[in-house]
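This is entry-v7.txt (compact mmCIF, C-alpha atoms).
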# COMPACT_ATOMS: atom_id res chain seq x y z
CA MET A 1 98.76 60.23 183.27
CA VAL A 2 98.05 63.50 184.81
CA LEU A 3 95.22 65.65 183.67
CA LYS A 4 95.72 69.34 183.71
CA PRO A 5 92.76 71.36 184.71
CA TYR A 6 91.17 73.53 182.02
CA ILE A 7 91.58 77.12 182.94
CA PHE A 8 89.00 79.54 181.61
CA ILE A 9 90.27 83.07 181.11
CA PRO A 10 87.37 85.46 180.68
CA MET A 11 87.68 88.24 178.04
CA LYS A 12 87.66 91.71 179.33
CA ASN A 13 85.26 93.00 176.67
CA LYS A 14 82.65 90.56 175.49
CA ASN A 15 81.59 92.86 172.58
CA TYR A 16 85.03 92.78 170.89
CA ILE A 17 84.88 92.14 167.09
CA ALA A 18 88.04 91.70 164.97
CA ALA A 19 88.09 94.38 162.23
CA PHE A 20 90.29 96.77 160.26
CA SER A 21 90.89 100.29 161.34
CA ILE A 22 89.86 103.20 159.12
CA VAL A 23 93.52 104.00 158.42
CA GLU A 24 94.16 100.46 157.16
CA VAL A 25 91.10 100.62 154.87
CA MET A 26 92.18 104.02 153.49
CA VAL A 27 95.72 102.77 152.79
CA SER A 28 94.38 99.71 150.95
CA MET A 29 92.00 101.89 148.92
CA VAL A 30 94.85 104.23 147.92
CA ILE A 31 97.01 101.26 146.84
CA THR A 32 94.10 99.80 144.88
CA ALA A 33 93.44 103.17 143.17
CA ILE A 34 97.12 103.44 142.16
CA ILE A 35 97.13 99.91 140.71
CA VAL A 36 93.86 100.48 138.82
CA GLY A 37 95.20 103.80 137.47
CA LEU A 38 98.38 102.13 136.24
CA ILE A 39 96.42 99.32 134.59
CA PHE A 40 94.10 101.83 132.90
CA GLY A 41 97.09 103.84 131.63
CA VAL A 42 98.74 100.73 130.18
CA PHE A 43 95.42 99.64 128.65
CA THR A 44 94.99 103.05 126.98
CA ILE A 45 98.51 103.00 125.50
CA VAL A 46 98.11 99.44 124.22
CA SER A 47 94.68 100.24 122.71
CA GLU A 48 96.09 103.25 120.83
CA GLN A 49 98.97 101.14 119.48
CA ILE A 50 96.56 98.42 118.34
CA LEU A 51 94.36 100.97 116.55
CA GLU A 52 97.42 102.49 114.83
CA PHE A 53 98.61 99.04 113.77
CA LYS A 54 95.14 98.22 112.47
CA LYS A 55 95.06 101.44 110.44
CA GLU A 56 98.46 100.70 108.85
CA ASN A 57 97.53 97.07 108.27
CA GLU A 58 94.26 98.02 106.52
CA GLN A 59 96.18 100.13 104.02
CA THR A 60 98.67 97.32 103.37
CA ALA A 61 95.86 94.77 103.05
CA ASP A 62 94.00 97.00 100.58
CA PHE A 63 97.21 97.44 98.56
CA ASN A 64 97.75 93.66 98.43
CA ARG A 65 94.13 93.00 97.44
CA LEU A 66 94.30 95.68 94.74
CA THR A 67 97.57 94.31 93.34
CA TYR A 68 96.13 90.80 93.13
CA SER A 69 92.83 91.97 91.68
CA LEU A 70 94.41 94.21 89.04
CA SER A 71 96.96 91.57 88.07
CA LYS A 72 94.18 89.06 87.56
CA ALA A 73 92.07 91.56 85.61
CA VAL A 74 94.97 92.54 83.34
CA PHE A 75 95.93 88.99 82.41
CA GLU A 76 92.39 87.63 82.14
CA SER A 77 91.03 90.49 80.03
CA GLU A 78 90.69 90.81 76.31
CA LYS A 79 90.51 94.61 76.31
CA MET A 80 91.83 97.25 78.69
CA ILE A 81 90.49 100.77 78.08
CA THR A 82 90.72 103.98 80.09
CA ARG A 83 87.47 105.66 80.95
CA ASP A 84 86.87 108.89 82.83
CA ASN A 85 88.60 108.41 86.20
CA GLY A 86 89.11 104.71 85.71
CA VAL A 87 90.03 101.61 83.75
CA TYR A 88 87.59 99.29 82.02
CA PHE A 89 88.38 95.60 81.42
CA GLN A 90 86.48 93.23 79.17
CA THR A 91 87.30 89.60 79.93
CA TYR A 92 87.48 86.75 77.40
CA ASP A 93 84.20 85.30 78.67
CA GLY A 94 82.30 88.58 78.19
CA ASP A 95 82.32 89.91 81.75
CA THR A 96 83.22 93.54 82.43
CA ILE A 97 85.21 95.01 85.29
CA LEU A 98 85.52 98.73 86.00
CA TYR A 99 88.06 100.27 88.35
CA GLN A 100 86.85 103.79 89.05
CA LYS A 101 88.93 106.41 90.88
CA GLU A 102 87.20 108.52 93.49
CA GLU A 103 88.75 111.22 95.70
CA THR A 104 90.25 108.99 98.40
CA TYR A 105 89.51 105.45 97.23
CA LEU A 106 89.09 103.17 94.23
CA ILE A 107 85.96 101.17 93.46
CA ARG A 108 86.05 97.85 91.60
CA LYS A 109 82.70 97.17 89.93
CA ALA A 110 82.16 93.71 88.49
CA GLN A 111 78.92 92.04 87.46
CA THR A 112 78.83 89.93 90.62
CA PHE A 113 80.06 92.36 93.30
CA THR A 114 81.57 95.76 94.10
CA ASP A 115 84.75 96.21 96.12
CA THR A 116 86.30 99.33 97.68
CA PHE A 117 90.02 99.96 98.11
CA LYS A 118 90.70 102.75 100.60
CA LEU A 119 93.89 103.98 98.98
CA ASP A 120 94.83 107.47 97.88
CA PHE A 121 95.24 107.44 94.07
CA GLN A 122 97.22 110.12 92.32
CA ALA A 123 96.81 109.00 88.69
CA ILE A 124 95.88 106.15 86.32
CA HIS A 125 97.51 105.84 82.87
CA ILE A 126 97.43 103.33 80.01
CA ASP A 127 100.10 103.43 77.31
CA SER A 128 101.20 101.18 74.47
CA ILE A 129 104.88 100.29 74.52
CA TYR A 130 107.14 98.26 72.24
CA ASN A 131 110.28 96.24 72.78
CA THR A 132 113.54 97.52 71.24
CA LYS A 133 113.01 95.62 67.95
CA ARG A 134 109.37 96.76 67.84
CA SER A 135 108.35 93.14 67.37
CA LYS A 136 106.21 92.94 70.50
CA VAL A 137 103.56 95.34 71.75
CA PHE A 138 102.42 95.70 75.34
CA GLN A 139 99.78 97.75 77.05
CA LYS A 140 101.14 99.30 80.21
CA LEU A 141 98.74 100.10 83.03
CA GLU A 142 100.29 102.44 85.57
CA LEU A 143 98.75 103.59 88.82
CA GLU A 144 100.33 106.08 91.18
CA LEU A 145 99.34 105.53 94.80
CA LEU A 146 100.11 107.29 98.04
CA ILE A 147 100.74 104.59 100.66
CA HIS A 148 102.08 105.41 104.13
CA GLU A 149 102.81 108.92 102.80
CA LYS A 150 105.06 107.56 100.01
CA ASN A 151 104.38 107.59 96.28
CA VAL A 152 104.18 104.00 95.06
CA PRO A 153 103.87 103.28 91.34
CA LEU A 154 102.10 100.09 90.24
CA ARG A 155 102.82 98.90 86.70
CA PHE A 156 101.16 96.05 84.84
CA TYR A 157 102.09 94.94 81.32
CA LYS A 158 99.63 93.12 79.07
CA PRO A 159 100.98 91.55 75.88
CA ILE A 160 99.06 92.45 72.74
CA TYR A 161 98.96 89.61 70.22
CA ALA A 162 98.88 89.82 66.43
CA ASN A 163 95.16 89.14 66.10
CA GLN A 164 94.41 91.99 68.49
CA LEU A 165 96.74 94.35 66.57
CA ILE A 166 94.84 93.63 63.34
CA LEU A 167 91.53 94.47 65.07
CA TRP A 168 93.01 97.67 66.51
CA LYS A 169 94.11 98.96 63.11
CA GLU A 170 90.65 98.56 61.57
Encoding of this model in structure tokens:
Amino acid sequence: MVLKPYIFIPMKNKNYIAAFSIVEVMVSMVITAIIVGLIFGVFTIVSEQILEFKKENEQTADFNRLTYSLSKAVFESEKMITRDNGVYFQTYDGDTILYQKEETYLIRKAQTFTDTFKLDFQAIHIDSIYNTKRSKVFQKLELELLIHEKNVPLRFYKPIYANQLILWKE
């Protein structure tokens, strides 16, 4: 076995430190700025889309809550009466519910809580209607809403029974 002698090659400059040049740093900073700018642009577009979706979804959610709430109030109420800018319900157990129309929203006032529906209401009407034989009477509650810039009518029909008809005629 033959040993090779270790040859020491001295460095020409003992103060040499490995580093980047200013041009390399500037190029990397420009690339980083471009990437950050693109990410910020995409983030802004996505944020605007999410806010628009949230706005549309809030209106749809309010419409669904209102439909459920009114349906329940109509079928669980003994009386349904129009009041100034609203509808008043008296339930079988004595509770009262008032749906009051404001300029750009509807307020539901019950004894236990108050709820707000941010929907644009055009009109609220209550009529009595009969079937073709005039043997059955219904109260029709009709609301006209503006949802996603379209007029949407909501109609609820409450049957009026014979005992209630007798009380109405008194």
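Here CA of His125 (chain A) and CA of Ile147 (chain A) stand 18.1 Å from one another.
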Q: Calculate how many Å separate CA of Lys109 (chain A) from CA of Phe53 (chain A), rounding to one decimal.
A: 28.7 Å
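Pairwise distance (CA of Phe117 (chain A), CA of Val46 (chain A)) equals 27.3 Å.
Here the question is which of A:Met26, A:Thr82, A:Ile34, A:Phe113 gets nearest to Gln100 (chain A) using only C-alpha atoms, and that residue is A:Thr82.
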Q: Tell me which protein, DNA and RNA residues are within 12 Å of Leu145 (chain A), counting all atoms listed in the file, leaving out same-chain ones fewer than 6 positions away, and put them as a PyMOL selection string.
A: chain A and resi 59-60+62-63+66-67+101+104-106+117-124+151-155
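Checking A:Val36, A:Asn85, A:Thr112, A:Leu51 one by one against Leu143 (chain A), counting all atoms listed in the file, you find the shortest gap at A:Asn85.
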Q) A:Glu78, A:Glu56, A:Asp115, A:Asp93: which is nearest Gln139 (chain A), counting all atoms listed in the file? A) A:Glu78
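Of the listed residues A:Ala162, A:Leu146, A:Ile81, A:Ala73, the one whose atoms come nearest to Ile126 (chain A) is A:Ile81, with distances taken using only C-alpha atoms.
Closest approach to Thr91 (chain A) among A:Val137, A:Val27, A:Val74, A:Ile39: A:Val74, based on all atoms listed in the file.
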Specify the axis-aligned box that encloses all atoms of region 148-163 of chain A listed in the file after padding of 5 Å on each side, stating its centre and edge lengths in Å to one decimal as AutoDock Vina command-line options.
--center_x 100.1 --center_y 99.0 --center_z 85.1 --size_x 19.9 --size_y 29.8 --size_z 48.0
